[in-house]
>>> print(open('run.cif').read())   # mmCIF, C-alpha atoms
data_query
loop_
_atom_site.label_atom_id
_atom_site.label_comp_id
_atom_site.auth_asym_id
_atom_site.auth_seq_id
_atom_site.Cartn_x
_atom_site.Cartn_y
_atom_site.Cartn_z
CA MET A 1 15.35 -54.22 50.01
CA ASP A 2 13.39 -52.33 47.36
CA GLY A 3 14.62 -49.09 48.82
CA LEU A 4 18.22 -50.21 48.58
CA LEU A 5 17.68 -51.35 45.01
CA ASN A 6 16.15 -48.00 44.09
CA LEU A 7 19.08 -46.22 45.72
CA TRP A 8 21.47 -48.38 43.70
CA GLN A 9 19.54 -47.53 40.55
CA ALA A 10 20.02 -43.84 41.34
CA THR A 11 23.81 -44.08 41.60
CA GLY A 12 26.14 -43.11 38.83
CA ILE A 13 27.86 -46.49 38.87
CA ALA A 14 24.66 -48.32 37.94
CA ASN A 15 23.91 -45.93 35.09
CA PHE A 16 27.29 -45.46 33.46
CA THR A 17 27.48 -46.52 29.86
CA ILE A 18 30.68 -46.97 27.90
CA PRO A 19 30.04 -43.94 25.61
CA THR A 20 29.40 -41.58 28.53
CA LEU A 21 32.56 -42.80 30.23
CA ILE A 22 34.53 -42.20 27.03
CA MET A 23 33.13 -38.69 26.79
CA MET A 24 34.03 -37.98 30.42
CA ALA A 25 37.53 -39.15 29.58
CA VAL A 26 37.50 -36.77 26.60
CA GLY A 27 36.47 -33.99 29.02
CA CYS A 28 39.34 -34.94 31.33
CA GLY A 29 41.66 -34.99 28.31
CA LEU A 30 40.63 -31.42 27.44
CA LEU A 31 41.21 -30.38 31.07
CA TYR A 32 44.64 -31.99 30.94
CA LEU A 33 45.54 -30.16 27.72
CA ALA A 34 44.37 -26.88 29.23
CA ILE A 35 45.93 -27.20 32.68
CA ALA A 36 49.11 -29.18 32.07
CA LYS A 37 49.91 -28.08 28.51
CA GLY A 38 48.41 -24.58 28.61
CA PHE A 39 46.37 -25.08 25.40
CA GLU A 40 43.71 -22.32 25.17
CA PRO A 41 43.00 -22.79 28.90
CA LEU A 42 40.39 -20.02 29.04
CA LEU A 43 38.12 -22.07 26.81
CA LEU A 44 39.20 -25.65 27.23
CA VAL A 45 38.71 -25.60 31.02
CA PRO A 46 35.00 -24.70 30.83
CA ILE A 47 34.50 -26.86 27.70
CA GLY A 48 36.21 -29.87 29.28
CA PHE A 49 34.32 -29.49 32.54
CA GLY A 50 31.10 -28.93 30.61
CA ALA A 51 31.74 -32.19 28.76
CA ILE A 52 32.06 -34.03 32.09
CA LEU A 53 28.91 -32.42 33.51
CA THR A 54 26.93 -33.17 30.35
CA ASN A 55 27.69 -36.87 30.44
CA ILE A 56 26.81 -37.43 34.09
CA PRO A 57 24.10 -40.08 34.02
CA VAL A 58 20.71 -39.42 35.69
CA ALA A 59 21.48 -35.72 36.37
CA GLY A 60 20.52 -34.68 32.82
CA LEU A 61 22.30 -31.33 32.92
CA ALA A 62 22.16 -30.95 29.15
CA GLU A 63 18.55 -32.05 28.79
CA PRO A 64 15.54 -29.73 28.97
CA GLY A 65 15.33 -28.59 32.58
CA GLY A 66 19.08 -28.85 33.13
CA LEU A 67 21.40 -25.87 33.62
CA LEU A 68 23.61 -26.50 30.60
CA TYR A 69 20.59 -26.90 28.35
CA TYR A 70 19.41 -23.41 29.23
CA VAL A 71 22.88 -21.91 29.00
CA TYR A 72 23.14 -23.31 25.49
CA TYR A 73 19.62 -22.27 24.57
CA ILE A 74 20.02 -18.70 25.81
CA GLY A 75 23.59 -18.11 24.74
CA ILE A 76 24.46 -20.09 21.66
CA ASP A 77 21.16 -21.09 20.07
CA SER A 78 20.32 -17.39 20.02
CA GLY A 79 23.81 -16.48 18.77
CA VAL A 80 24.32 -14.02 21.64
CA PHE A 81 27.49 -15.36 23.30
CA PRO A 82 29.77 -15.52 20.26
CA LEU A 83 28.69 -12.00 19.33
CA LEU A 84 29.44 -10.65 22.83
CA ILE A 85 32.85 -12.31 22.64
CA PHE A 86 33.37 -10.73 19.25
CA MET A 87 32.64 -7.31 20.75
CA GLY A 88 35.31 -7.97 23.38
CA VAL A 89 37.76 -9.11 20.71
CA GLY A 90 37.03 -5.88 18.83
CA ALA A 91 37.78 -3.90 21.98
CA MET A 92 41.10 -5.73 22.30
CA THR A 93 42.16 -5.33 18.66
CA ASP A 94 44.51 -2.60 17.53
CA PHE A 95 44.11 -1.97 13.81
CA SER A 96 47.03 0.46 13.44
CA ALA A 97 49.27 -2.09 11.69
CA LEU A 98 46.52 -2.73 9.14
CA ILE A 99 45.63 0.94 8.62
CA ALA A 100 49.32 1.72 8.08
CA ASN A 101 49.60 -1.00 5.43
CA PRO A 102 46.10 -1.76 4.10
CA ARG A 103 47.38 -4.09 1.37
CA MET A 104 47.78 -6.68 4.11
CA LEU A 105 44.03 -7.19 3.79
CA LEU A 106 44.80 -9.24 0.66
CA LEU A 107 46.69 -11.72 2.84
CA GLY A 108 43.71 -11.95 5.19
CA ALA A 109 41.56 -12.66 2.13
CA ALA A 110 43.91 -15.27 0.64
CA ALA A 111 44.08 -17.25 3.88
CA GLN A 112 40.30 -17.71 3.72
CA PHE A 113 40.90 -20.13 0.86
CA GLY A 114 41.38 -22.67 3.67
CA ILE A 115 37.68 -22.28 4.46
CA PHE A 116 36.37 -22.68 0.95
CA ALA A 117 38.74 -25.51 -0.01
CA THR A 118 37.66 -27.40 3.11
CA LEU A 119 34.03 -26.90 2.18
CA PHE A 120 34.80 -28.75 -1.03
CA GLY A 121 36.77 -31.38 0.90
CA ALA A 122 33.90 -31.97 3.34
CA ILE A 123 31.52 -32.69 0.47
CA ALA A 124 34.12 -34.92 -1.19
CA LEU A 125 34.33 -36.87 2.09
CA ASN A 126 30.77 -38.03 1.38
CA TYR A 127 32.29 -40.61 -0.96
CA VAL A 128 33.57 -42.37 2.15
CA PRO A 129 30.80 -44.55 3.59
CA GLY A 130 29.46 -43.23 6.89
CA PHE A 131 29.70 -39.55 5.97
CA GLU A 132 26.65 -37.60 4.96
CA PHE A 133 27.53 -33.94 5.11
CA THR A 134 25.03 -31.52 3.61
CA LEU A 135 26.16 -28.21 2.16
CA LYS A 136 25.20 -26.54 5.46
CA ASP A 137 27.21 -29.05 7.49
CA ALA A 138 30.18 -28.62 5.16
CA SER A 139 30.04 -24.82 5.46
CA ALA A 140 29.93 -25.00 9.26
CA ILE A 141 32.89 -27.41 9.31
CA ALA A 142 34.86 -25.35 6.81
CA ILE A 143 34.70 -22.21 8.96
CA ILE A 144 37.16 -23.94 11.34
CA GLY A 145 39.71 -22.74 8.74
CA GLY A 146 38.84 -19.17 9.75
CA ALA A 147 40.76 -19.94 12.97
CA ASP A 148 38.35 -17.79 14.87
CA GLY A 149 36.40 -19.40 17.73
CA PRO A 150 33.41 -17.03 18.01
CA THR A 151 32.92 -16.94 14.23
CA ALA A 152 33.00 -20.75 14.04
CA ILE A 153 30.51 -21.13 16.90
CA PHE A 154 28.23 -18.44 15.48
CA LEU A 155 28.12 -20.02 12.04
CA ALA A 156 27.81 -23.57 13.36
CA SER A 157 24.90 -22.57 15.62
CA LYS A 158 23.11 -21.19 12.57
CA LEU A 159 23.95 -23.87 10.00
CA ALA A 160 24.64 -27.15 11.82
CA PRO A 161 23.88 -27.02 15.58
CA GLU A 162 24.23 -30.80 15.92
CA LEU A 163 27.90 -30.58 14.85
CA LEU A 164 28.66 -27.55 17.03
CA GLY A 165 30.45 -29.46 19.81
CA ALA A 166 32.92 -31.12 17.47
CA ILE A 167 33.43 -27.94 15.43
CA ALA A 168 34.13 -25.79 18.49
CA VAL A 169 36.50 -28.34 20.01
CA ALA A 170 38.34 -28.70 16.68
CA ALA A 171 38.54 -24.92 16.20
CA TYR A 172 39.93 -24.19 19.65
CA SER A 173 42.26 -27.21 19.68
CA TYR A 174 43.79 -26.28 16.33
CA MET A 175 44.11 -22.64 17.38
CA ALA A 176 46.14 -23.86 20.34
CA LEU A 177 48.17 -26.01 17.97
CA VAL A 178 49.02 -23.13 15.59
CA PRO A 179 52.66 -23.05 16.82
CA ILE A 180 52.94 -26.72 15.84
CA ILE A 181 50.87 -26.80 12.62
CA GLN A 182 52.10 -23.63 10.94
CA PRO A 183 55.95 -23.53 11.11
CA PRO A 184 56.59 -26.69 9.01
CA ILE A 185 54.28 -25.41 6.26
CA MET A 186 55.89 -21.96 6.39
CA ARG A 187 59.40 -23.41 6.16
CA LEU A 188 58.41 -25.76 3.35
CA LEU A 189 57.01 -23.02 1.13
CA THR A 190 59.72 -20.37 1.61
CA THR A 191 63.46 -20.16 1.07
CA PRO A 192 65.79 -18.95 3.86
CA GLN A 193 66.41 -15.77 1.79
CA GLU A 194 62.68 -15.06 1.64
CA ARG A 195 62.29 -15.69 5.35
CA SER A 196 64.98 -13.15 6.20
CA ILE A 197 63.44 -10.30 4.17
CA ALA A 198 63.17 -7.20 6.36
CA MET A 199 60.11 -5.01 5.92
CA PRO A 200 60.08 -1.19 6.09
CA GLN A 201 58.92 0.32 9.35
CA LEU A 202 55.20 1.11 9.57
CA ARG A 203 54.04 4.70 9.68
CA VAL A 204 52.32 6.20 12.70
CA VAL A 205 48.53 6.06 12.47
CA SER A 206 46.48 9.02 13.70
CA LYS A 207 43.70 8.70 16.25
CA LYS A 208 41.20 10.02 13.73
CA GLU A 209 41.98 7.17 11.33
CA LYS A 210 41.57 4.63 14.11
CA ILE A 211 38.16 6.06 15.03
CA LEU A 212 36.96 6.23 11.44
CA PHE A 213 38.17 2.72 10.57
CA PRO A 214 35.50 0.65 12.41
CA LEU A 215 32.77 3.00 11.17
CA MET A 216 34.00 2.55 7.62
CA VAL A 217 34.21 -1.24 7.88
CA LEU A 218 30.66 -1.26 9.22
CA SER A 219 29.37 0.99 6.42
CA LEU A 220 30.91 -1.26 3.77
CA THR A 221 29.42 -4.35 5.43
CA ILE A 222 26.00 -2.71 5.53
CA LEU A 223 26.29 -1.85 1.84
CA PHE A 224 27.73 -5.09 0.48
CA LEU A 225 27.24 -7.95 2.95
CA PRO A 226 24.47 -7.32 5.51
CA SER A 227 24.51 -11.02 6.52
CA ALA A 228 27.93 -10.41 8.11
CA THR A 229 26.73 -7.41 10.15
CA PRO A 230 25.99 -9.34 13.38
CA LEU A 231 29.67 -10.34 13.59
CA VAL A 232 31.25 -7.29 12.00
CA GLY A 233 28.86 -4.90 13.74
CA MET A 234 29.67 -6.15 17.25
CA PHE A 235 33.36 -6.25 16.38
CA CYS A 236 33.28 -2.66 15.15
CA LEU A 237 31.33 -1.52 18.21
CA GLY A 238 34.00 -2.99 20.47
CA ASN A 239 36.76 -1.41 18.41
CA LEU A 240 35.09 1.99 18.32
CA MET A 241 34.68 1.92 22.11
CA ARG A 242 38.40 1.23 22.38
CA GLU A 243 39.55 3.90 19.96
CA CYS A 244 37.16 6.78 20.56
CA GLY A 245 38.66 7.37 24.01
CA VAL A 246 35.49 8.67 25.68
CA VAL A 247 34.07 5.35 26.94
CA ASP A 248 37.11 3.71 28.47
CA ARG A 249 34.93 2.15 31.15
CA LEU A 250 32.77 0.38 28.57
CA SER A 251 35.81 -0.64 26.56
CA ASN A 252 37.46 -2.08 29.66
CA THR A 253 34.31 -3.97 30.59
CA ALA A 254 33.95 -5.38 27.07
CA GLN A 255 37.54 -6.64 26.99
CA ASN A 256 37.69 -7.89 30.58
CA GLU A 257 34.65 -8.64 32.73
CA LEU A 258 32.09 -9.14 29.98
CA ILE A 259 34.26 -11.33 27.78
CA ASN A 260 35.34 -13.37 30.81
CA ILE A 261 31.77 -13.99 32.00
CA THR A 262 30.68 -14.84 28.47
CA THR A 263 33.66 -17.16 28.01
CA ILE A 264 32.68 -19.20 31.07
CA PHE A 265 29.16 -19.72 29.78
CA LEU A 266 30.21 -20.16 26.17
CA GLY A 267 32.62 -22.90 27.22
CA LEU A 268 29.98 -24.65 29.32
CA ALA A 269 27.45 -24.40 26.51
CA VAL A 270 29.89 -25.86 24.00
CA GLY A 271 30.65 -28.61 26.54
CA SER A 272 26.93 -29.38 26.69
CA LYS A 273 27.15 -30.35 23.02
CA LEU A 274 29.74 -33.00 23.83
CA ALA A 275 27.12 -35.59 24.71
CA ALA A 276 28.23 -39.10 23.81
CA GLU A 277 25.49 -39.74 21.26
CA HIS A 278 26.41 -36.62 19.26
CA PHE A 279 30.17 -36.66 19.62
CA LEU A 280 31.19 -40.30 19.36
CA THR A 281 30.48 -40.59 15.67
CA VAL A 282 32.63 -41.12 12.63
CA GLU A 283 31.63 -37.60 11.55
CA THR A 284 33.59 -36.12 14.49
CA LEU A 285 36.73 -37.81 13.21
CA GLY A 286 36.03 -36.33 9.78
CA ILE A 287 35.56 -32.87 11.31
CA LEU A 288 38.87 -33.10 13.19
CA LEU A 289 40.61 -34.18 9.98
CA LEU A 290 39.00 -31.44 7.88
CA GLY A 291 39.82 -28.83 10.52
CA ALA A 292 43.53 -29.63 10.32
CA LEU A 293 43.28 -29.52 6.52
CA ALA A 294 41.55 -26.13 6.67
CA PHE A 295 44.29 -24.64 8.87
CA SER A 296 47.06 -26.00 6.67
CA ILE A 297 45.51 -24.81 3.38
CA GLY A 298 44.78 -21.39 4.90
CA THR A 299 48.39 -21.03 6.03
CA ALA A 300 49.75 -22.16 2.66
CA SER A 301 47.52 -19.88 0.61
CA GLY A 302 48.43 -16.92 2.83
CA VAL A 303 52.14 -17.60 2.33
CA TYR A 304 51.70 -17.99 -1.45
CA MET A 305 49.77 -14.72 -1.66
CA ALA A 306 52.53 -12.95 0.27
CA LYS A 307 55.11 -14.40 -2.15
CA ILE A 308 53.16 -13.07 -5.13
CA MET A 309 52.78 -9.67 -3.47
CA ASN A 310 56.50 -9.60 -2.73
CA ARG A 311 57.26 -10.16 -6.43
CA LEU A 312 54.87 -7.47 -7.62
CA SER A 313 55.30 -4.82 -4.95
CA SER A 314 58.03 -2.23 -4.72
CA ASN A 315 58.15 -2.58 -0.93
CA PRO A 316 59.54 -5.94 0.16
CA ILE A 317 57.06 -8.26 1.87
CA ASN A 318 58.29 -11.22 3.89
CA PRO A 319 56.21 -14.23 2.73
CA LEU A 320 56.00 -15.48 6.32
CA VAL A 321 53.54 -12.73 7.28
CA GLY A 322 51.01 -14.36 4.92
CA ALA A 323 50.66 -17.23 7.39
CA ALA A 324 49.24 -14.79 9.95
CA GLY A 325 46.28 -14.20 7.61
CA VAL A 326 44.45 -17.17 9.12
CA SER A 327 43.60 -14.95 12.17
CA ALA A 328 44.14 -16.91 15.45
CA VAL A 329 45.12 -13.54 16.96
CA PRO A 330 47.79 -13.05 18.26
CA MET A 331 49.21 -16.57 18.22
CA ALA A 332 49.73 -16.71 14.43
CA ALA A 333 51.57 -13.36 14.43
CA ARG A 334 53.85 -14.59 17.22
CA VAL A 335 54.61 -17.74 15.26
CA VAL A 336 55.54 -15.61 12.21
CA ASN A 337 57.84 -13.52 14.39
CA LYS A 338 59.50 -16.63 15.82
CA VAL A 339 60.06 -18.32 12.46
CA GLY A 340 61.36 -15.02 11.03
CA LEU A 341 63.85 -14.63 13.87
CA GLU A 342 65.24 -18.12 13.16
CA SER A 343 66.40 -16.94 9.72
CA ASN A 344 67.38 -13.41 10.65
CA PRO A 345 67.88 -12.72 14.37
CA HIS A 346 67.48 -8.95 13.80
CA ASN A 347 64.24 -9.17 11.85
CA PHE A 348 61.23 -8.60 14.10
CA LEU A 349 58.09 -9.30 12.07
CA LEU A 350 55.54 -9.13 14.89
CA MET A 351 54.07 -5.73 14.01
CA HIS A 352 54.07 -6.56 10.30
CA ALA A 353 52.29 -9.83 11.00
CA MET A 354 49.64 -8.11 13.12
CA GLY A 355 48.27 -6.47 9.93
CA PRO A 356 47.38 -9.71 8.13
CA ASN A 357 46.44 -11.20 11.49
CA VAL A 358 43.62 -8.73 12.19
CA ALA A 359 42.80 -8.75 8.46
CA GLY A 360 42.21 -12.48 8.91
CA VAL A 361 39.60 -11.77 11.60
CA LEU A 362 37.75 -9.47 9.21
CA GLY A 363 38.28 -11.96 6.38
CA SER A 364 36.79 -14.87 8.28
CA ALA A 365 33.83 -12.75 9.42
CA VAL A 366 33.26 -11.79 5.79
CA ALA A 367 33.58 -15.43 4.70
CA ALA A 368 31.06 -16.40 7.40
CA GLY A 369 28.71 -13.72 6.10
CA ILE A 370 29.06 -15.03 2.55
CA LEU A 371 28.38 -18.61 3.69
CA LEU A 372 25.34 -17.44 5.67
CA ALA A 373 24.05 -15.51 2.68
CA LEU A 374 24.58 -18.34 0.18
CA VAL A 375 23.88 -21.47 2.24
CA GLY A 376 21.94 -20.36 5.34
CA MET B 1 20.95 -35.00 -4.19
CA ASP B 2 23.87 -37.09 -5.40
CA ILE B 3 27.41 -36.29 -4.37
CA GLY B 4 28.50 -35.18 -7.84
CA ALA B 5 25.91 -32.42 -7.94
CA LEU B 6 26.82 -31.40 -4.37
CA LEU B 7 30.47 -31.23 -5.37
CA ILE B 8 29.67 -28.93 -8.28
CA GLU B 9 27.66 -26.75 -5.93
CA ALA B 10 30.54 -26.73 -3.43
CA ALA B 11 33.00 -25.76 -6.17
CA SER B 12 30.82 -22.87 -7.30
CA LEU B 13 30.47 -21.82 -3.66
CA MET B 14 34.26 -21.93 -3.33
CA LEU B 15 34.64 -19.70 -6.37
CA THR B 16 31.95 -17.17 -5.43
CA GLY B 17 33.13 -17.19 -1.82
CA MET B 18 36.75 -16.42 -2.65
CA ILE B 19 35.76 -13.77 -5.20
CA GLY B 20 33.41 -12.27 -2.61
CA VAL B 21 36.08 -12.13 0.10
CA PHE B 22 38.66 -10.64 -2.27
CA VAL B 23 36.29 -8.04 -3.73
CA PHE B 24 35.07 -6.97 -0.28
CA LEU B 25 38.55 -6.66 1.20
CA SER B 26 39.86 -4.91 -1.95
CA ILE B 27 37.12 -2.30 -1.59
CA LEU B 28 38.21 -1.99 2.02
CA ILE B 29 41.82 -1.42 0.91
CA LEU B 30 40.70 1.42 -1.35
CA ALA B 31 38.59 2.86 1.44
CA VAL B 32 41.41 2.67 4.03
CA THR B 33 43.89 4.24 1.60
CA ASN B 34 41.52 7.13 0.99
CA LEU B 35 40.77 7.37 4.69
CA SER B 36 44.44 7.84 5.52
CA LYS B 37 44.76 10.53 2.85
CA LEU B 38 41.71 12.29 4.27
CA ALA B 39 42.83 12.03 7.88
CA LYS B 40 46.40 13.00 7.03
CA SER B 41 45.47 16.17 5.18
CA ASP B 42 43.50 17.25 8.24
CA THR B 43 46.11 16.50 10.82
CA GLU B 44 49.17 17.66 8.95
CA VAL B 45 50.57 20.73 10.62
CA PRO B 46 51.87 23.30 8.13
CA ILE B 47 55.62 23.50 8.50
CA VAL B 48 56.66 27.05 9.23
CA PRO B 49 60.15 27.77 7.95
CA THR B 50 62.24 28.76 10.92
CA LYS B 51 64.96 31.28 10.54
CA HIS B 52 68.24 30.79 12.30
CA ARG B 53 67.96 33.55 14.78
CA GLN B 54 71.15 34.99 16.12
CA LEU B 55 71.18 35.34 19.86
CA SER B 56 72.18 38.65 21.36
CA ASN B 57 75.66 37.38 22.27
CA GLY B 58 76.35 36.36 18.67
CA VAL B 59 76.32 32.53 19.10
CA PRO B 60 74.13 30.86 16.43
CA SER B 61 71.23 28.72 17.81
CA ALA B 62 72.49 25.71 15.83
CA HIS B 63 75.75 25.81 17.80
CA ILE B 64 73.88 26.01 21.09
CA ALA B 65 71.73 23.02 20.08
CA ALA B 66 74.79 20.98 19.15
CA ILE B 67 76.55 21.84 22.40
CA SER B 68 73.50 21.01 24.56
CA ALA B 69 73.03 17.69 22.71
CA ALA B 70 76.67 16.83 23.40
CA ILE B 71 76.25 17.73 27.09
CA SER B 72 73.16 15.58 27.47
CA GLN B 73 74.87 12.69 25.69
CA TYR B 74 77.82 13.03 28.06
CA ARG B 75 75.49 13.07 31.07
CA THR B 76 73.59 9.98 29.95
CA LYS B 77 76.84 8.10 29.49
CA GLN B 78 77.83 8.70 33.12
#
>>> encode(input="run.cif", output="structure tokens")
Amino acid sequence: MDGLLNLWQATGIANFTIPTLIMMAVGCGLLYLAIAKGFEPLLLVPIGFGAILTNIPVAGLAEPGGLLYYVYYIGIDSGVFPLLIFMGVGAMTDFSALIANPRMLLLGAAAQFGIFATLFGAIALNYVPGFEFTLKDASAIAIIGGADGPTAIFLASKLAPELLGAIAVAAYSYMALVPIIQPPIMRLLTTPQERSIAMPQLRVVSKKEKILFPLMVLSLTILFLPSATPLVGMFCLGNLMRECGVVDRLSNTAQNELINITTIFLGLAVGSKLAAEHFLTVETLGILLLGALAFSIGTASGVYMAKIMNRLSSNPINPLVGAAGVSAVPMAARVVNKVGLESNPHNFLLMHAMGPNVAGVLGSAVAAGILLALVG
Amino acid sequence: MDIGALLIEAASLMLTGMIGVFVFLSILILAVTNLSKLAKSDTEVPIVPTKHRQLSNGVPSAHIAAISAAISQYRTKQ
């Protein structure tokens, strides 16, 4: 009888608690969004499955000795995985649109206002009972507005590891929701005439410029913002491998095999942070709310900046391209193209939006570096 | 620390952060603009003025070019 009782005690059914069941349902929800709706499937599948594995009673996969614990410890606690992903992203990024029209960097800078405004909002949320965000927590939450997964995970792992699960889930969910969040804001802030502005064709960029660009970005980061060099450095390494043309094998590995392997483990490690006791808090709700706010403010400030630039510049600038400054490459640029086509079916803005789009990646890495330097 | 003081700190962080991002990316704009000038001056091929040579049979090369363009256009249409 004792044996049977012990066996019963070792089953999942006897050990389930309501919170773990809720978290497993959240994991299933993420899997559903990824598989049925196609929302960021590359990340939400491992994150969702990781959430299920983490909350299995008795097995303790996310506790010391468990697989997910070590994956998190090796990959995210150390900051290695997000940086490897960033190298792959660098190897996938083509900067020609930005080099051809460098003023687009201003749009990438303006969209970062979403980050800093949310930082303020997160602290203001402390007036609501139940919220106790420190400046570090607020900075880690605010970086969701950078719309850049690896940057958000990197900064959260340094500033607020206990909030990492919620921050990563919010960041990737909102990135998948860019086609739903951005268009209403873009339409609200622009007139149909502004939306149909055609932009002059971009010039051809030489190979030499493309090779020198990552080296120059790195040199400036070394000089002015060394705290951003982990992110910017790996990004520039990936980009240099892509553009220099002599290490195609390494470039291909960085943008295919390596980033895929890292993505599996990064997703699992983020999933390991979706344990019921950390995730089912009122703070998670606040983070989800602030994340949406950060995306919206970033989009709006990008569009406003583009409107100002359009007034001042001799070359016309379609205000819609400002919305791509939030990064979320290449989704945000595609959304700009789509909204632009609605107003003018002959106006293809994709290449013009890629400039602010990749500027947004640099902008959010710079913003992360500033937050690390000032708060970390 | 009370929330008011934290808010002031957050506001100053917002200001310094935005100034920081703008200054850094503006420096980058200057650098990229200069980079393109530098790279362009190196890659630009000096344009050699070409003289309209007369072929031995007396037909100007411009005429031959126009005729061959018309032929190729006709062929592509078929």
>>> residues_around(input="run.cif", residues="Ala5 in chain B", least_positions_apart="3", cutoff="12 Å", atoms="only C-alpha atoms", output="JSON, numbers by chain")
{"A": [120, 123, 124, 126, 134, 135], "B": [1, 2, 8, 9, 10, 11, 12]}
>>> atom_distance(input="run.cif", atom1="CA of Pro356 in chain A", atom2="CA of Gly17 in chain B")
18.9 Å
>>> resolve_selection(input="run.cif", expression="the PyMOL selection byres ((chain B) within 10 of (chain A))", output="ChimeraX atom specification")
/B:1-4,6-33,35-40,42-43
>>> resolve_selection(input="run.cif", expression="the PyMOL selection byres ((chain A and resi 148-160) around 9)", output="number ranges by chain")
A: 76-86, 136-147, 161-165, 167-168, 171-172, 175, 231, 270, 326-329, 360-361, 364-365, 368-369, 371-372, 375-376
>>> atom_distance(input="run.cif", atom1="CA of Gly302 in chain A", atom2="CA of His346 in chain A")
23.4 Å
>>> atom_distance(input="run.cif", atom1="CA of Leu240 in chain A", atom2="CA of Gln255 in chain A")
12.5 Å
>>> resolve_selection(input="run.cif", expression="the PyMOL selection byres ((chain A and resi 236) around 7)", output="number ranges by chain")
A: 90, 214-215, 218, 232-235, 237-240
